[in-house]
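Peer 1: Structure file start-v6.txt, compact mmCIF, C-alpha atoms, is pasted below:
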```
# COMPACT_ATOMS: atom_id res chain seq x y z
CA MET A 1228 -9.78 -5.15 12.69
CA PRO A 1229 -12.91 -5.75 10.61
CA LYS A 1230 -13.72 -4.21 7.26
CA LEU A 1231 -13.03 -0.48 7.19
CA ASP A 1232 -16.02 1.84 7.01
CA PRO A 1233 -15.02 4.55 4.51
CA ASP A 1234 -17.74 6.81 5.93
CA LYS A 1235 -15.68 6.99 9.12
CA ALA A 1236 -12.37 7.84 7.44
CA PRO A 1237 -11.00 11.37 7.82
CA VAL A 1238 -11.36 13.37 4.61
CA ARG A 1239 -8.73 15.89 3.66
CA THR A 1240 -9.25 18.69 1.16
CA GLY A 1241 -7.10 21.73 0.50
CA SER A 1242 -3.32 21.64 0.23
CA ILE A 1243 -0.21 22.40 2.26
CA TYR A 1244 1.30 24.02 -0.85
CA PRO A 1245 1.92 27.75 -0.71
CA GLN A 1246 -0.06 29.88 -3.14
CA PRO A 1247 -0.54 29.96 -6.04
CA TYR A 1248 -0.05 26.18 -6.04
CA ALA A 1249 -2.62 25.44 -3.33
CA ASP A 1250 -5.38 26.88 -5.50
CA GLU A 1251 -4.29 24.59 -8.35
CA MET A 1252 -5.28 21.62 -6.17
CA ALA A 1253 -8.99 22.54 -6.09
CA GLY A 1254 -11.27 19.61 -6.79
CA ARG A 1255 -9.12 17.07 -4.96
CA SER A 1256 -10.12 15.22 -1.82
CA SER A 1257 -8.44 12.41 0.06
CA LEU A 1258 -9.97 9.67 2.20
CA ARG A 1259 -7.41 8.67 4.84
CA LEU A 1260 -7.96 4.92 5.17
CA GLY A 1261 -4.60 4.18 6.76
CA GLU A 1262 -5.20 6.80 9.40
CA LEU A 1263 -8.66 5.34 10.09
CA ALA A 1264 -7.02 1.97 10.74
CA GLY A 1265 -4.26 3.42 12.91
CA LEU A 1266 -1.47 2.50 10.49
CA THR A 1267 1.74 4.45 11.06
CA GLN A 1268 4.27 2.88 8.70
CA PHE A 1269 2.64 3.84 5.41
CA GLY A 1270 -0.25 6.03 4.35
CA VAL A 1271 -3.21 4.66 2.42
CA ASN A 1272 -5.51 7.18 0.81
CA ILE A 1273 -8.26 7.11 -1.76
CA VAL A 1274 -7.98 10.31 -3.75
CA THR A 1275 -10.97 11.62 -5.68
CA LEU A 1276 -10.32 14.07 -8.49
CA ALA A 1277 -13.21 16.14 -9.85
CA PRO A 1278 -13.22 16.78 -13.60
CA GLY A 1279 -10.25 19.01 -14.39
CA ALA A 1280 -8.53 18.41 -11.04
CA VAL A 1281 -4.97 17.28 -10.49
CA ALA A 1282 -3.61 15.29 -7.57
CA SER A 1283 -0.44 17.27 -6.95
CA LEU A 1284 2.36 19.15 -8.58
CA GLN A 1285 4.65 16.76 -10.39
CA HIS A 1286 7.03 15.52 -7.69
CA TRP A 1287 9.29 12.70 -6.56
CA HIS A 1288 10.12 11.44 -3.06
CA LEU A 1289 13.64 11.09 -1.73
CA ASN A 1290 12.94 8.59 1.05
CA GLU A 1291 9.47 7.19 0.48
CA ASP A 1292 8.31 4.45 -1.88
CA GLU A 1293 4.95 5.21 -3.53
CA PHE A 1294 2.36 3.00 -5.21
CA ALA A 1295 -0.94 3.87 -6.92
CA MET A 1296 -3.83 1.96 -8.45
CA VAL A 1297 -6.65 3.60 -10.39
CA LEU A 1298 -10.03 2.60 -8.96
CA ASP A 1299 -12.49 4.21 -11.37
CA GLY A 1300 -12.75 6.88 -14.00
CA ASN A 1301 -10.17 7.97 -16.54
CA LEU A 1302 -6.90 9.49 -15.39
CA VAL A 1303 -3.74 10.65 -17.07
CA LEU A 1304 -0.43 9.87 -15.42
CA ALA A 1305 1.84 12.79 -16.28
CA GLU A 1306 5.59 12.30 -15.84
CA GLY A 1307 7.40 15.27 -17.33
CA LEU A 1308 6.05 15.43 -20.86
CA ARG A 1309 5.14 11.73 -20.92
CA GLU A 1310 1.42 11.10 -20.57
CA THR A 1311 -0.13 7.70 -19.89
CA PRO A 1312 -3.90 7.14 -19.86
CA MET A 1313 -4.91 4.95 -16.94
CA VAL A 1314 -8.16 3.22 -16.06
CA SER A 1315 -9.51 1.01 -13.28
CA GLY A 1316 -6.98 -1.58 -12.17
CA ASP A 1317 -3.97 0.13 -13.75
CA CYS A 1318 -1.04 0.52 -11.37
CA ALA A 1319 2.11 2.59 -11.16
CA ALA A 1320 4.86 2.87 -8.57
CA TRP A 1321 7.83 5.08 -7.81
CA LYS A 1322 10.81 3.85 -5.88
CA ALA A 1323 12.20 6.30 -3.32
CA GLY A 1324 15.03 8.44 -4.63
CA VAL A 1325 14.34 8.00 -8.33
CA PRO A 1326 13.95 11.53 -9.69
CA VAL A 1327 10.91 11.01 -11.89
CA GLY A 1328 8.33 13.73 -11.32
CA HIS A 1329 4.78 12.45 -11.61
CA ARG A 1330 1.14 13.26 -10.91
CA PHE A 1331 -2.36 12.15 -11.82
CA GLU A 1332 -4.65 14.48 -13.76
CA ASN A 1333 -8.35 14.09 -14.42
CA ARG A 1334 -8.97 15.49 -17.87
CA SER A 1335 -12.31 13.72 -18.21
CA ASP A 1336 -15.78 15.07 -17.50
CA ALA A 1337 -16.49 12.63 -14.65
CA PRO A 1338 -14.91 12.13 -11.22
CA ALA A 1339 -12.06 9.62 -10.97
CA ARG A 1340 -10.47 7.88 -7.99
CA PHE A 1341 -7.17 6.23 -7.22
CA LEU A 1342 -5.68 4.41 -4.24
CA VAL A 1343 -2.26 5.65 -3.19
CA VAL A 1344 0.16 4.13 -0.70
CA GLY A 1345 3.32 5.86 0.50
CA THR A 1346 5.85 5.10 3.20
CA LYS A 1347 5.84 7.42 6.20
CA ALA A 1348 9.55 8.17 6.56
CA SER A 1349 10.70 10.11 9.62
CA GLU A 1350 12.26 12.70 7.33
CA GLU A 1351 11.34 13.35 3.74
CA ILE A 1352 12.13 15.67 0.87
CA ALA A 1353 9.79 15.91 -2.10
CA THR A 1354 11.07 17.74 -5.15
CA TYR A 1355 8.64 19.42 -7.53
CA THR A 1356 10.03 19.02 -10.99
CA GLN A 1357 8.13 21.61 -12.99
CA VAL A 1358 8.53 24.55 -10.62
CA ASP A 1359 11.48 25.60 -8.48
CA MET A 1360 10.27 24.18 -5.17
CA LYS A 1361 10.97 21.39 -2.70
CA VAL A 1362 9.35 20.47 0.59
CA HIS A 1363 11.35 19.22 3.56
CA VAL A 1364 9.23 17.33 6.07
CA ALA A 1365 10.46 16.42 9.56
CA GLY A 1366 8.73 16.09 12.89
CA GLY A 1367 5.39 16.67 11.22
CA LYS A 1368 6.46 20.10 9.96
CA ALA A 1369 6.86 21.11 6.32
CA ARG A 1370 9.38 23.68 5.09
CA PHE A 1371 9.33 24.81 1.47
CA THR A 1372 12.54 25.76 -0.31
CA TYR A 1373 13.80 26.33 -3.81
CA HIS A 1374 15.74 23.49 -5.43
CA ASP A 1375 18.96 25.04 -4.05
CA ASP A 1376 17.52 24.61 -0.49
CA THR A 1377 17.16 28.35 0.18
CA ASP A 1378 13.82 29.41 1.67
CA TRP A 1379 10.94 29.62 -0.76
CA THR A 1380 9.54 33.14 -0.96
CA GLY A 1381 7.44 33.00 -4.09
CA PRO A 1382 6.91 31.16 -7.37
CA ARG A 1383 9.97 30.76 -9.54
CA ASP A 1384 9.93 28.86 -12.79
CA LEU A 1385 12.72 26.57 -13.79
CA PRO A 1386 14.91 27.65 -16.72
CA ASP A 1387 13.56 24.89 -18.96
CA GLY A 1388 10.06 24.89 -17.55
CA GLY A 1389 10.87 21.67 -15.73
CA GLN A 1390 10.13 19.58 -18.78
CA THR A 1391 13.41 17.75 -18.93
CA MET B 1356 8.19 4.83 -13.88
CA PRO B 1357 5.26 4.43 -16.28
CA LYS B 1358 2.24 2.23 -15.77
CA LEU B 1359 3.17 -1.23 -14.50
CA ASP B 1360 2.70 -4.15 -16.87
CA PRO B 1361 1.22 -6.94 -14.73
CA ASP B 1362 2.32 -9.46 -17.35
CA LYS B 1363 5.91 -8.68 -16.37
CA ALA B 1364 5.39 -9.05 -12.61
CA PRO B 1365 6.89 -12.06 -10.85
CA VAL B 1366 4.22 -14.60 -9.90
CA ARG B 1367 4.60 -16.61 -6.74
CA THR B 1368 2.72 -19.81 -6.00
CA GLY B 1369 3.35 -22.37 -3.29
CA SER B 1370 4.08 -21.51 0.33
CA ILE B 1371 6.97 -21.25 2.75
CA TYR B 1372 4.81 -22.97 5.38
CA PRO B 1373 5.92 -26.41 6.54
CA GLN B 1374 3.58 -29.29 5.77
CA PRO B 1375 0.76 -29.91 6.21
CA TYR B 1376 0.05 -26.18 6.06
CA ALA B 1377 1.76 -25.60 2.69
CA ASP B 1378 -0.70 -27.93 0.99
CA GLU B 1379 -3.58 -25.97 2.49
CA MET B 1380 -2.45 -22.95 0.42
CA ALA B 1381 -3.17 -24.64 -2.92
CA GLY B 1382 -5.09 -22.43 -5.34
CA ARG B 1383 -3.36 -19.22 -4.28
CA SER B 1384 -1.07 -17.17 -6.48
CA SER B 1385 0.52 -13.79 -5.93
CA LEU B 1386 1.53 -11.13 -8.47
CA ARG B 1387 4.46 -9.18 -7.03
CA LEU B 1388 3.81 -5.64 -8.25
CA GLY B 1389 6.04 -3.92 -5.72
CA GLU B 1390 8.92 -6.16 -6.64
CA LEU B 1391 8.32 -5.39 -10.34
CA ALA B 1392 8.62 -1.68 -9.54
CA GLY B 1393 11.73 -2.13 -7.39
CA LEU B 1394 10.01 -1.03 -4.17
CA THR B 1395 11.83 -2.11 -1.03
CA GLN B 1396 9.93 -0.43 1.83
CA PHE B 1397 6.63 -2.23 1.44
CA GLY B 1398 5.36 -5.15 -0.60
CA VAL B 1399 2.44 -4.79 -2.99
CA ASN B 1400 0.86 -7.98 -4.25
CA ILE B 1401 -2.29 -8.93 -6.08
CA VAL B 1402 -3.37 -12.28 -4.68
CA THR B 1403 -5.70 -14.52 -6.69
CA LEU B 1404 -7.64 -17.20 -4.83
CA ALA B 1405 -9.23 -20.02 -6.78
CA PRO B 1406 -12.61 -21.26 -5.55
CA GLY B 1407 -12.07 -22.86 -2.17
CA ALA B 1408 -8.61 -21.39 -1.67
CA VAL B 1409 -7.38 -19.42 1.33
CA ALA B 1410 -4.71 -16.73 1.41
CA SER B 1411 -2.85 -17.84 4.51
CA LEU B 1412 -3.24 -19.30 7.94
CA GLN B 1413 -4.86 -16.78 10.25
CA HIS B 1414 -1.96 -14.63 11.45
CA TRP B 1415 -0.90 -11.24 12.78
CA HIS B 1416 2.31 -9.29 12.30
CA LEU B 1417 4.43 -7.96 15.16
CA ASN B 1418 6.31 -5.26 13.22
CA GLU B 1419 4.55 -4.77 9.91
CA ASP B 1420 1.43 -2.77 9.10
CA GLU B 1421 -0.83 -4.50 6.56
CA PHE B 1422 -3.61 -3.21 4.28
CA ALA B 1423 -5.88 -5.04 1.84
CA MET B 1424 -8.52 -4.10 -0.72
CA VAL B 1425 -10.73 -6.61 -2.51
CA LEU B 1426 -10.50 -6.15 -6.27
CA ASP B 1427 -13.06 -8.62 -7.58
CA GLY B 1428 -15.02 -11.68 -6.59
CA ASN B 1429 -16.49 -12.58 -3.23
CA LEU B 1430 -14.21 -13.13 -0.26
CA VAL B 1431 -14.68 -13.83 3.41
CA LEU B 1432 -12.42 -12.09 5.89
CA ALA B 1433 -11.98 -14.55 8.75
CA GLU B 1434 -10.69 -13.19 12.07
CA GLY B 1435 -10.94 -15.89 14.70
CA LEU B 1436 -14.60 -16.90 14.54
CA ARG B 1437 -15.71 -13.54 13.09
CA GLU B 1438 -16.49 -13.71 9.39
CA THR B 1439 -17.02 -10.67 7.18
CA PRO B 1440 -18.11 -10.95 3.54
CA MET B 1441 -16.11 -8.59 1.33
CA VAL B 1442 -16.55 -7.50 -2.27
CA SER B 1443 -14.79 -5.21 -4.73
CA GLY B 1444 -13.64 -2.00 -3.11
CA ASP B 1445 -13.94 -3.23 0.47
CA CYS B 1446 -10.83 -2.58 2.57
CA ALA B 1447 -9.34 -3.85 5.81
CA ALA B 1448 -6.12 -3.09 7.65
CA TRP B 1449 -4.13 -4.44 10.56
CA LYS B 1450 -1.79 -2.29 12.57
CA ALA B 1451 1.51 -3.92 13.49
CA GLY B 1452 1.52 -5.57 16.89
CA VAL B 1453 -2.24 -5.90 17.30
CA PRO B 1454 -2.86 -9.61 17.93
CA VAL B 1455 -5.83 -10.13 15.66
CA GLY B 1456 -5.38 -13.21 13.48
CA HIS B 1457 -6.89 -12.83 10.03
CA ARG B 1458 -7.01 -14.28 6.55
CA PHE B 1459 -9.05 -14.14 3.35
CA GLU B 1460 -10.97 -17.17 2.17
CA ASN B 1461 -12.67 -17.71 -1.16
CA ARG B 1462 -15.78 -19.77 -0.48
CA SER B 1463 -17.37 -18.86 -3.81
CA ASP B 1464 -17.31 -20.80 -7.05
CA ALA B 1465 -15.37 -18.15 -8.98
CA PRO B 1466 -11.84 -16.76 -8.61
CA ALA B 1467 -11.40 -13.68 -6.44
CA ARG B 1468 -8.57 -11.18 -6.11
CA PHE B 1469 -7.32 -8.73 -3.53
CA LEU B 1470 -4.53 -6.19 -3.31
CA VAL B 1471 -2.36 -6.45 -0.23
CA VAL B 1472 0.29 -4.06 1.04
CA GLY B 1473 2.65 -4.85 3.90
CA THR B 1474 5.67 -3.11 5.34
CA LYS B 1475 9.00 -4.85 4.80
CA ALA B 1476 10.49 -4.71 8.28
CA SER B 1477 14.09 -5.81 8.77
CA GLU B 1478 12.92 -8.33 11.33
CA GLU B 1479 9.45 -9.76 11.67
CA ILE B 1480 7.48 -12.28 13.67
CA ALA B 1481 4.13 -13.50 12.42
CA THR B 1482 1.99 -15.47 14.84
CA TYR B 1483 -0.52 -18.01 13.57
CA THR B 1484 -3.49 -17.88 15.85
CA GLN B 1485 -5.30 -21.12 15.11
CA VAL B 1486 -2.32 -23.47 15.23
CA ASP B 1487 0.71 -23.49 17.52
CA MET B 1488 3.18 -21.85 15.15
CA LYS B 1489 5.07 -18.60 14.60
CA VAL B 1490 7.52 -17.56 11.93
CA HIS B 1491 10.56 -15.43 12.70
CA VAL B 1492 11.96 -13.67 9.63
CA ALA B 1493 15.35 -11.94 9.58
CA GLY B 1494 17.94 -11.47 6.88
CA GLY B 1495 15.60 -13.03 4.35
CA LYS B 1496 15.45 -16.30 6.30
CA ALA B 1497 12.37 -17.77 7.95
CA ARG B 1498 12.46 -19.89 11.12
CA PHE B 1499 9.30 -21.59 12.35
CA THR B 1500 8.69 -22.09 16.06
CA TYR B 1501 5.86 -22.91 18.42
CA HIS B 1502 4.23 -20.03 20.26
CA ASP B 1503 6.73 -20.59 23.09
CA ASP B 1504 9.59 -19.92 20.60
CA THR B 1505 10.94 -23.47 20.67
CA ASP B 1506 11.70 -24.99 17.26
CA TRP B 1507 8.70 -26.22 15.33
CA THR B 1508 8.92 -29.95 14.65
CA GLY B 1509 5.38 -30.78 13.60
CA PRO B 1510 1.76 -29.66 13.80
CA ARG B 1511 0.45 -28.95 17.27
CA ASP B 1512 -3.03 -27.66 17.91
CA LEU B 1513 -3.73 -25.01 20.46
CA PRO B 1514 -5.67 -26.03 23.59
CA ASP B 1515 -8.71 -24.03 22.54
CA GLY B 1516 -8.33 -24.55 18.80
CA GLY B 1517 -7.12 -20.98 18.46
CA GLN B 1518 -10.62 -19.64 18.42
CA THR B 1519 -10.26 -17.19 21.23
```
Rewrite the structure from the file as structure tokens, please.
Peer 2:
Amino acid sequence: MPKLDPDKAPVRTGSIYPQPYADEMAGRSSLRLGELAGLTQFGVNIVTLAPGAVASLQHWHLNEDEFAMVLDGNLVLAEGLRETPMVSGDCAAWKAGVPVGHRFENRSDAPARFLVVGTKASEEIATYTQVDMKVHVAGGKARFTYHDDTDWTGPRDLPDGGQT
Amino acid sequence: MPKLDPDKAPVRTGSIYPQPYADEMAGRSSLRLGELAGLTQFGVNIVTLAPGAVASLQHWHLNEDEFAMVLDGNLVLAEGLRETPMVSGDCAAWKAGVPVGHRFENRSDAPARFLVVGTKASEEIATYTQVDMKVHVAGGKARFTYHDDTDWTGPRDLPDGGQT
């Protein structure tokens, strides 16, 4: 396949999160390069974060390796209370099953972009570490639960604010 | 895991190709970022090509999706006789099983780098499209054969030079 034309890649905005978390993802958009190329084994997205936007709730994946490289702009990698400034060319990765919650935040006044690659496992659980929520994904469907695996029915903070 | 320190990533030079093809890979080195991060589901490497160097023989993967993004410098993506100039930010991808041989070549007079991601399948066959060779990888071992799966014992050109 020749060079990918990013103008032809599907763009995803919005969020599958239930409210109020979906609204917290405003200002994020995702260019689905892997999908454009027909890849099925891992996803490849270029995520653009407007000033003030965040890429996700802090989370970790049970079954899926994840890798990210900052393309441009100034981002903060937040992992619990640890914050790491990252610029173009900086990389980070999270091995499946390692319970380190993480997300990118754009605290700058200009847009920023990063490339993110993640395995497409047939079943996946992502755990959000700063709120009492998990998502179970199987067969293309997502089910949200609390950390104790009971159905999610509304926001519930963690006892320690999820900072540990 | 915090930001990756590229200075700590394993660097691979050389080639597993038999001669004379191994020598043709001179000027290529690979920074194993995925390995540094302990990822097992896909590989993530930053490949540096010195002026005149090539990344591989033209090949395609039977079982492994592959994605690449040029980071800096000027590269040519060669796919059979089709040649596509690529610069920083340009991306290409190859879905597993699609028989399109491809490789990057640095025909410029400055080093160039690209990021490459590939699934780590438990078993894999890569087919080289411009010479009569395949590699079968299983259990961490590589076995080279001709296209007809008989053991490889020395270079053999394809009838049409592999250009079709």
Peer 1: As an exercise, work out the distance from atom CA of A:Gly1265 to atom CA of B:Ala1448 in Å and give it to one decimal place.
Peer 2: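 Value for the atom CA of A:Gly1265-atom CA of B:Ala1448 distance: 8.6 Å.
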Peer 1: I'd like the contact shell of stretch 1325-1338 of chain A - 8 Å cut-off, all atoms listed in the file, skipping same-chain residues fewer than 5 positions apart - returned as a PyMOL selection string.
Peer 2: (chain A and resi 1275-1289+1300-1307+1354-1356) or (chain B and resi 1356)
Peer 1: For the interface of chain A with chain B (cut-off 9 Å, counting all atoms listed in the file), please tabulate each contacting residue of chain A alongside its nearest pair of atoms and their separation in Å to one decimal, rows sorted by chain and increasing number, as CSV.
Peer 2:
```
residue,atom,partner,partner_atom,distance
A:Met1228,CA,B:Trp1449,CA,6.1
A:Pro1229,CA,B:Ala1447,CA,6.3
A:Lys1230,CA,B:Ala1447,CA,4.6
A:Leu1231,CA,B:Ala1447,CA,5.2
A:Asp1232,CA,B:Cys1446,CA,8.1
A:Pro1233,CA,B:Cys1446,CA,8.5
A:Leu1260,CA,B:Cys1446,CA,8.4
A:Gly1261,CA,B:Ala1448,CA,7.5
A:Ala1264,CA,B:Ala1448,CA,6.0
A:Gly1265,CA,B:Lys1450,CA,6.2
A:Leu1266,CA,B:Lys1450,CA,5.2
A:Thr1267,CA,B:Asp1420,CA,7.5
A:Gln1268,CA,B:Asp1420,CA,6.3
A:Phe1269,CA,B:Thr1474,CA,7.6
A:Val1271,CA,B:Phe1422,CA,8.1
A:Glu1291,CA,B:Gln1396,CA,7.8
A:Asp1292,CA,B:Leu1394,CA,6.2
A:Glu1293,CA,B:Leu1394,CA,8.1
A:Phe1294,CA,B:Gly1389,CA,7.9
A:Leu1298,CA,B:Gly1444,CA,8.3
A:Leu1304,CA,B:Pro1357,CA,7.9
A:Glu1306,CA,B:Pro1357,CA,7.9
A:Arg1309,CA,B:Pro1357,CA,8.7
A:Glu1310,CA,B:Pro1357,CA,8.8
A:Thr1311,CA,B:Lys1358,CA,7.2
A:Pro1312,CA,B:Lys1358,CA,8.9
A:Met1313,CA,B:Lys1358,CA,7.7
A:Gly1316,CA,B:Leu1426,CA,8.3
A:Asp1317,CA,B:Lys1358,CA,6.9
A:Cys1318,CA,B:Leu1359,CA,5.5
A:Ala1319,CA,B:Lys1358,CA,4.6
A:Ala1320,CA,B:Ala1392,CA,6.0
A:Trp1321,CA,B:Met1356,CA,6.1
A:Lys1322,CA,B:Leu1394,CA,5.2
A:Ala1323,CA,B:Leu1394,CA,7.7
A:Val1325,CA,B:Met1356,CA,8.9
A:Val1327,CA,B:Met1356,CA,7.0
A:His1329,CA,B:Met1356,CA,8.7
A:Val1344,CA,B:Val1472,CA,8.4
A:Gly1345,CA,B:Phe1397,CA,8.8
A:Thr1346,CA,B:Gln1396,CA,7.0
```
Peer 1: Could you give me, as a list in words, the residues within 10 Å of A:Ile1243, counting only C-alpha atoms and dropping anything in the same chain fewer than 5 positions from it?
Peer 2: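 Near neighbours after the sequence-gap exclusion: Tyr1248, Ala1249, Met1252, Val1362, Ala1369 and Phe1371 of chain A.
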Peer 1: When you draw a straight line from atom CA of A:Ala1365 to atom CA of A:Arg1340, how long is it in Å?
Peer 2: 28.6 Å
Peer 1: Of the candidates A:Pro1382, A:Gly1324, A:Gly1241, A:Gly1254, which one gets nearest to A:Ala1353 if we count only C-alpha atoms?
Peer 2: A:Gly1324
Peer 1: Can you work out the spacing between atom CA of B:Asp1362 and atom CA of B:Ser1385 in Å, to one decimal?
Peer 2: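 One can read the atom CA of B:Asp1362 to atom CA of B:Ser1385 distance as 12.3 Å.
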Peer 1: At a cut-off of 10 Å, using only C-alpha atoms, what residues contact A:Gly1381? Leave out same-chain residues fewer than 3 positions from it and give the result as a VMD selection string.
Peer 2: chain A and resid 1245 to 1247 1359 to 1360 1372 to 1373 1378 1384
